[in-house]
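Have a look at the structure below, then the notes.
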Amino acid sequence: MKKLIAAALVAAAITPLHAAENWVASWQASPHAAWSEQEFVLPTGVPTVLERQTVREMVRISVGGRHARVVLSNRYGTQPLVIGEARIARAEPAAAQAHGVVLTFGGQRSVTIPPGAPMVSDAIDMPVEALEKLAVSIYLPQRTPLTTFHWGAQQTGAIADGNLTGEAMPANAQALHGRALLSGIWVNTATPASAVVAFGDSITDGNGSTPDMDRRWSDYLAARLAKKGIAVVNAGISGARLLGDRMGVNAAARFEQDVLSQPGVSTAIVLMGINDIGWPQSIFAPNEAPMTADRMIGAYRQLIVQARARKIRIIGATMPPFEGTPIEGYYTPAKDALRQQVNRWIKESGEFDAVADINALLRDPANPARMRPHYDSGDHLHPGDAGYAAMAAELAGVLSGVNRRH
């Protein structure tokens, strides 16, 4: 009897702690490797080195929770990355950014992130609301090459000298238009929640949307689903490809870390492939051979089989039109024919769990090779705010149908 009582006491001490934990990814920015100006035509837009400086990044989470964890990344680092101090605060009002909660890692305020690794903070006793805007401040006390970053954040951060994690940023702080270290925020929800991961390229990353206004299609979708307790996180990387590396590694190489291993993930939405078609023989990849439908379909099938093995639903999205883009060599009639061929497979093969026909949604009825003017950001490749809002509405409907079937 004494042994049974002792066992019951041990179970009572341990079980509630774990039973109360419902961690789900609520925000994400996929990390990728920085490049030099000699390697690629586009600038990174972030400093190459940081030293004795504070980086402050703004995010809007999707679902809220009783506690939060912050995820930092040194995925493409070649040396240990020393974090001197980090804090999380409410971003609004602006004065709140000067306060916040100190992050700890295994109980320590300072931590060293090994090369190639993420670092997840201890749980923070700071309740956060759905769609709340937060500020994460990170102080780097040592010379730190910025080898891991996220290009094109559509969100303006700041960099300033000294440890300002618990202070207001000065008016002359350097603007940060990418992301330097922050890769995720998880929340501990009151009841079990699930996450939808948006996996894509610059259209998912939000290029063409109004900066600092949270108007990517994933943001609009998050606003629709937050009331249902469903998180939406963005795993888009501008320039991402199914099969090629440069602005991020190829899709299969990052699918595990950016999608399958995200806490609470139940569904992946794949909108990727336009760069596989457009980059070859353009200014981005002038010496690459033209893409083929068979190669792209094989890449989609790899994502499908990996998702199914983890019991994660996978939704395919057709590629929108792109005639008229000013990127030299990106569009040709032959490339558009390939886009339409692959889109037919996405729609008709039945291999995805569901399909969102983004091409049909965004194309101009008068010229199907071009985007509808109302939805076009102006570069004829990326939607603007109205286009992203329409995409979110379409995807919300597709997700609703998938959920009813399951």
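Following the order of the structure tokens, first chain is A, next is B, and so on, with residues numbered from 1 inside each chain and ligands from 1 in the order they appear.
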**Message:** Quick one: residues within 7 Å of Ile358 (chain A), only C-alpha atoms, excluding same-chain residues fewer than 4 positions away - as a ChimeraX atom specification?
**Reply:** /A:317-320,362,391
**DSSP-assigned strand (DSSP E) members of region 141-207 of chain A, reported as a ChimeraX atom specification** = /A:144-145,148-149,157-161,174-176,182-188,194-200
Extract, using only C-alpha atoms, all DNA, RNA and protein residues at most 10 Å from Gly106 (chain A), discarding same-chain residues fewer than 6 positions from it, and format them as an mmCIF file with N, CA, C and O atoms, in the first residue's frame.
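Output file around.cif follows:
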data_model
loop_
_atom_site.group_PDB
_atom_site.id
_atom_site.type_symbol
_atom_site.label_atom_id
_atom_site.label_comp_id
_atom_site.auth_asym_id
_atom_site.auth_seq_id
_atom_site.Cartn_x
_atom_site.Cartn_y
_atom_site.Cartn_z
ATOM 1 N N VAL A 120 15.822 27.334 -27.984
ATOM 2 C CA VAL A 120 14.460 27.609 -27.526
ATOM 3 C C VAL A 120 14.523 28.110 -26.092
ATOM 4 O O VAL A 120 15.157 27.492 -25.230
ATOM 5 N N SER A 121 13.876 29.223 -25.826
ATOM 6 C CA SER A 121 13.919 29.804 -24.485
ATOM 7 C C SER A 121 13.102 28.985 -23.508
ATOM 8 O O SER A 121 12.270 28.155 -23.893
ATOM 9 N N ASP A 122 13.334 29.238 -22.226
ATOM 10 C CA ASP A 122 12.447 28.707 -21.202
ATOM 11 C C ASP A 122 11.064 29.320 -21.379
ATOM 12 O O ASP A 122 10.896 30.373 -22.002
ATOM 13 N N ALA A 123 10.064 28.658 -20.820
ATOM 14 C CA ALA A 123 8.703 29.190 -20.886
ATOM 15 C C ALA A 123 8.634 30.527 -20.148
ATOM 16 O O ALA A 123 9.196 30.684 -19.065
#
**Message:** Just want the 12 Å neighbourhood of Gln257 (chain A), counted on only C-alpha atoms, with same-chain residues fewer than 4 positions away dropped. Output as an MDAnalysis selection string.
**Reply:** chainID A and resid 28:32 73 75 116:118 183:184 197 199 235 249 251:253 261:263 265
Write out, as a short mmCIF file (atom, residue, chain, number, x, y, z; two decimals), in the first residue's frame, the residues just selected, with all heavy atoms.
data_model
loop_
_atom_site.label_atom_id
_atom_site.label_comp_id
_atom_site.auth_asym_id
_atom_site.auth_seq_id
_atom_site.Cartn_x
_atom_site.Cartn_y
_atom_site.Cartn_z
N GLN A 28 6.44 32.46 -37.15
CA GLN A 28 7.66 31.86 -37.68
C GLN A 28 8.25 32.73 -38.78
O GLN A 28 7.52 33.40 -39.52
CB GLN A 28 7.34 30.47 -38.25
CG GLN A 28 8.53 29.71 -38.80
CD GLN A 28 8.13 28.36 -39.38
OE1 GLN A 28 6.98 27.96 -39.31
NE2 GLN A 28 9.09 27.67 -39.94
N ALA A 29 9.57 32.70 -38.89
CA ALA A 29 10.30 33.23 -40.04
C ALA A 29 11.39 32.23 -40.36
O ALA A 29 12.28 31.99 -39.53
CB ALA A 29 10.89 34.61 -39.75
N SER A 30 11.33 31.62 -41.52
CA SER A 30 12.29 30.56 -41.86
C SER A 30 13.69 31.14 -42.06
O SER A 30 13.88 32.05 -42.88
CB SER A 30 11.85 29.85 -43.14
OG SER A 30 10.65 29.15 -42.92
N PRO A 31 14.68 30.61 -41.36
CA PRO A 31 16.05 31.09 -41.54
C PRO A 31 16.68 30.54 -42.81
O PRO A 31 16.34 29.45 -43.26
CB PRO A 31 16.77 30.56 -40.29
CG PRO A 31 15.99 29.37 -39.88
CD PRO A 31 14.57 29.60 -40.30
N HIS A 32 17.58 31.33 -43.39
CA HIS A 32 18.38 30.81 -44.49
C HIS A 32 19.74 31.49 -44.47
O HIS A 32 19.99 32.40 -43.68
CB HIS A 32 17.67 30.96 -45.83
CG HIS A 32 17.24 32.34 -46.21
ND1 HIS A 32 17.94 33.13 -47.07
CD2 HIS A 32 16.14 33.05 -45.85
CE1 HIS A 32 17.29 34.27 -47.25
NE2 HIS A 32 16.20 34.27 -46.51
N SER A 73 17.86 31.23 -33.97
CA SER A 73 18.47 30.27 -34.90
C SER A 73 19.90 30.65 -35.27
O SER A 73 20.20 31.81 -35.55
CB SER A 73 17.64 30.18 -36.18
OG SER A 73 18.24 29.27 -37.09
N ARG A 75 21.20 28.34 -37.61
CA ARG A 75 21.15 27.19 -38.51
C ARG A 75 22.30 27.17 -39.51
O ARG A 75 22.87 26.12 -39.81
CB ARG A 75 19.82 27.15 -39.26
CG ARG A 75 19.64 25.88 -40.11
CD ARG A 75 18.37 25.91 -40.93
NE ARG A 75 17.16 25.94 -40.11
CZ ARG A 75 15.92 25.90 -40.62
NH1 ARG A 75 15.77 25.85 -41.94
NH2 ARG A 75 14.87 25.94 -39.83
N GLY A 116 24.70 25.64 -36.48
CA GLY A 116 23.69 24.77 -37.04
C GLY A 116 22.48 24.52 -36.19
O GLY A 116 21.55 23.83 -36.62
N ALA A 117 22.45 25.09 -34.99
CA ALA A 117 21.40 24.74 -34.04
C ALA A 117 20.39 25.86 -33.81
O ALA A 117 20.71 27.04 -33.98
CB ALA A 117 22.04 24.37 -32.70
N PRO A 118 19.18 25.49 -33.37
CA PRO A 118 18.26 26.48 -32.83
C PRO A 118 18.47 26.58 -31.32
O PRO A 118 19.19 25.77 -30.73
CB PRO A 118 16.89 25.87 -33.14
CG PRO A 118 17.13 24.39 -33.01
CD PRO A 118 18.56 24.16 -33.47
N SER A 183 13.52 33.26 -35.13
CA SER A 183 12.90 32.36 -36.10
C SER A 183 11.55 31.82 -35.67
O SER A 183 10.84 31.25 -36.50
CB SER A 183 13.83 31.19 -36.43
OG SER A 183 13.98 30.33 -35.31
N GLY A 184 11.16 31.98 -34.41
CA GLY A 184 9.86 31.45 -34.03
C GLY A 184 9.39 31.90 -32.66
O GLY A 184 10.19 32.30 -31.81
N VAL A 197 0.88 25.58 -41.55
CA VAL A 197 2.16 26.15 -41.98
C VAL A 197 2.08 26.51 -43.46
O VAL A 197 1.76 25.66 -44.30
CB VAL A 197 3.33 25.18 -41.75
CG1 VAL A 197 4.64 25.83 -42.17
CG2 VAL A 197 3.40 24.77 -40.28
N PHE A 199 3.96 27.20 -46.65
CA PHE A 199 5.29 26.84 -47.17
C PHE A 199 5.39 27.33 -48.60
O PHE A 199 4.69 26.84 -49.48
CB PHE A 199 5.45 25.32 -47.10
CG PHE A 199 6.83 24.81 -47.41
CD1 PHE A 199 7.92 25.20 -46.63
CD2 PHE A 199 7.06 23.92 -48.44
CE1 PHE A 199 9.19 24.72 -46.89
CE2 PHE A 199 8.32 23.43 -48.72
CZ PHE A 199 9.39 23.84 -47.94
N ALA A 235 6.25 29.97 -43.41
CA ALA A 235 7.53 29.36 -43.75
C ALA A 235 7.93 29.72 -45.18
O ALA A 235 8.56 28.93 -45.88
CB ALA A 235 7.48 27.85 -43.57
N VAL A 249 17.63 26.94 -49.02
CA VAL A 249 17.88 25.65 -49.65
C VAL A 249 16.60 25.14 -50.31
O VAL A 249 15.52 25.70 -50.12
CB VAL A 249 18.41 24.62 -48.63
CG1 VAL A 249 19.77 25.04 -48.12
CG2 VAL A 249 17.43 24.43 -47.47
N ALA A 251 13.28 22.89 -51.35
CA ALA A 251 12.11 22.64 -50.50
C ALA A 251 12.28 21.42 -49.61
O ALA A 251 12.01 21.46 -48.40
CB ALA A 251 10.87 22.49 -51.37
N ALA A 252 12.72 20.30 -50.18
CA ALA A 252 12.84 19.08 -49.39
C ALA A 252 13.88 19.20 -48.29
O ALA A 252 13.77 18.59 -47.23
CB ALA A 252 13.15 17.88 -50.29
N ALA A 253 14.92 20.01 -48.54
CA ALA A 253 16.00 20.15 -47.56
C ALA A 253 15.56 20.90 -46.31
O ALA A 253 16.16 20.72 -45.25
CB ALA A 253 17.19 20.87 -48.20
N SER A 261 8.35 19.66 -38.22
CA SER A 261 8.70 19.64 -36.79
C SER A 261 8.15 20.83 -36.02
O SER A 261 8.44 20.98 -34.83
CB SER A 261 10.22 19.58 -36.63
OG SER A 261 10.83 20.74 -37.14
N GLN A 262 7.33 21.67 -36.66
CA GLN A 262 6.74 22.80 -35.93
C GLN A 262 5.72 22.29 -34.93
O GLN A 262 4.88 21.45 -35.27
CB GLN A 262 6.10 23.78 -36.91
CG GLN A 262 7.09 24.52 -37.78
CD GLN A 262 8.08 25.34 -36.96
OE1 GLN A 262 7.71 26.12 -36.10
NE2 GLN A 262 9.36 25.15 -37.24
N PRO A 263 5.74 22.78 -33.69
CA PRO A 263 4.81 22.28 -32.68
C PRO A 263 3.35 22.48 -33.09
O PRO A 263 2.95 23.56 -33.51
CB PRO A 263 5.13 23.15 -31.45
CG PRO A 263 6.51 23.62 -31.67
CD PRO A 263 6.67 23.79 -33.15
N VAL A 265 1.71 21.33 -35.67
CA VAL A 265 1.35 21.40 -37.09
C VAL A 265 0.39 20.28 -37.46
O VAL A 265 0.59 19.12 -37.13
CB VAL A 265 2.60 21.37 -37.99
CG1 VAL A 265 3.43 20.11 -37.78
CG2 VAL A 265 2.20 21.50 -39.45
#
**Message:** Could you go through region 25-254 of chain A and tell me which residues DSSP, when run on the backbone, assigns to helix (DSSP H, G or I), listing them as a list in words?
**Reply:**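 Answer for region 25-254 of chain A restricted to helix (DSSP H, G or I) is Ala94, Ala95, Ala96, Gln97, Ala98, Ser202, Ile203, Thr204, Asp205, Trp217, Ser218, Asp219, Tyr220, Leu221, Ala222, Ala223, Arg224, Leu225, Ala226, Lys227, Lys228, Ala251, Ala252, Ala253 and Arg254 of chain A.
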**Asked** Neighbours of Leu103 (chain A) within 12 Å (only C-alpha atoms; same-chain residues fewer than 5 positions away dropped), as a PyMOL selection string?
**Response** chain A and resi 68-72+83-89+108-111+119-126+136-139+165-166
**Asked** Just how far from CA of Arg246 (chain A) is CA of Ala198 (chain A), in Å to one decimal?
**Response** 19.8 Å
**Asked** Which polymer residues have any atom within 10 Å of an atom of Gly236 (chain A), counting only C-alpha atoms, with same-chain residues fewer than 2 positions away left out, as an MDAnalysis selection string?
**Response** chainID A and resid 28:31 150 153 197:206 218 233:234 238:240 248 258 270:272
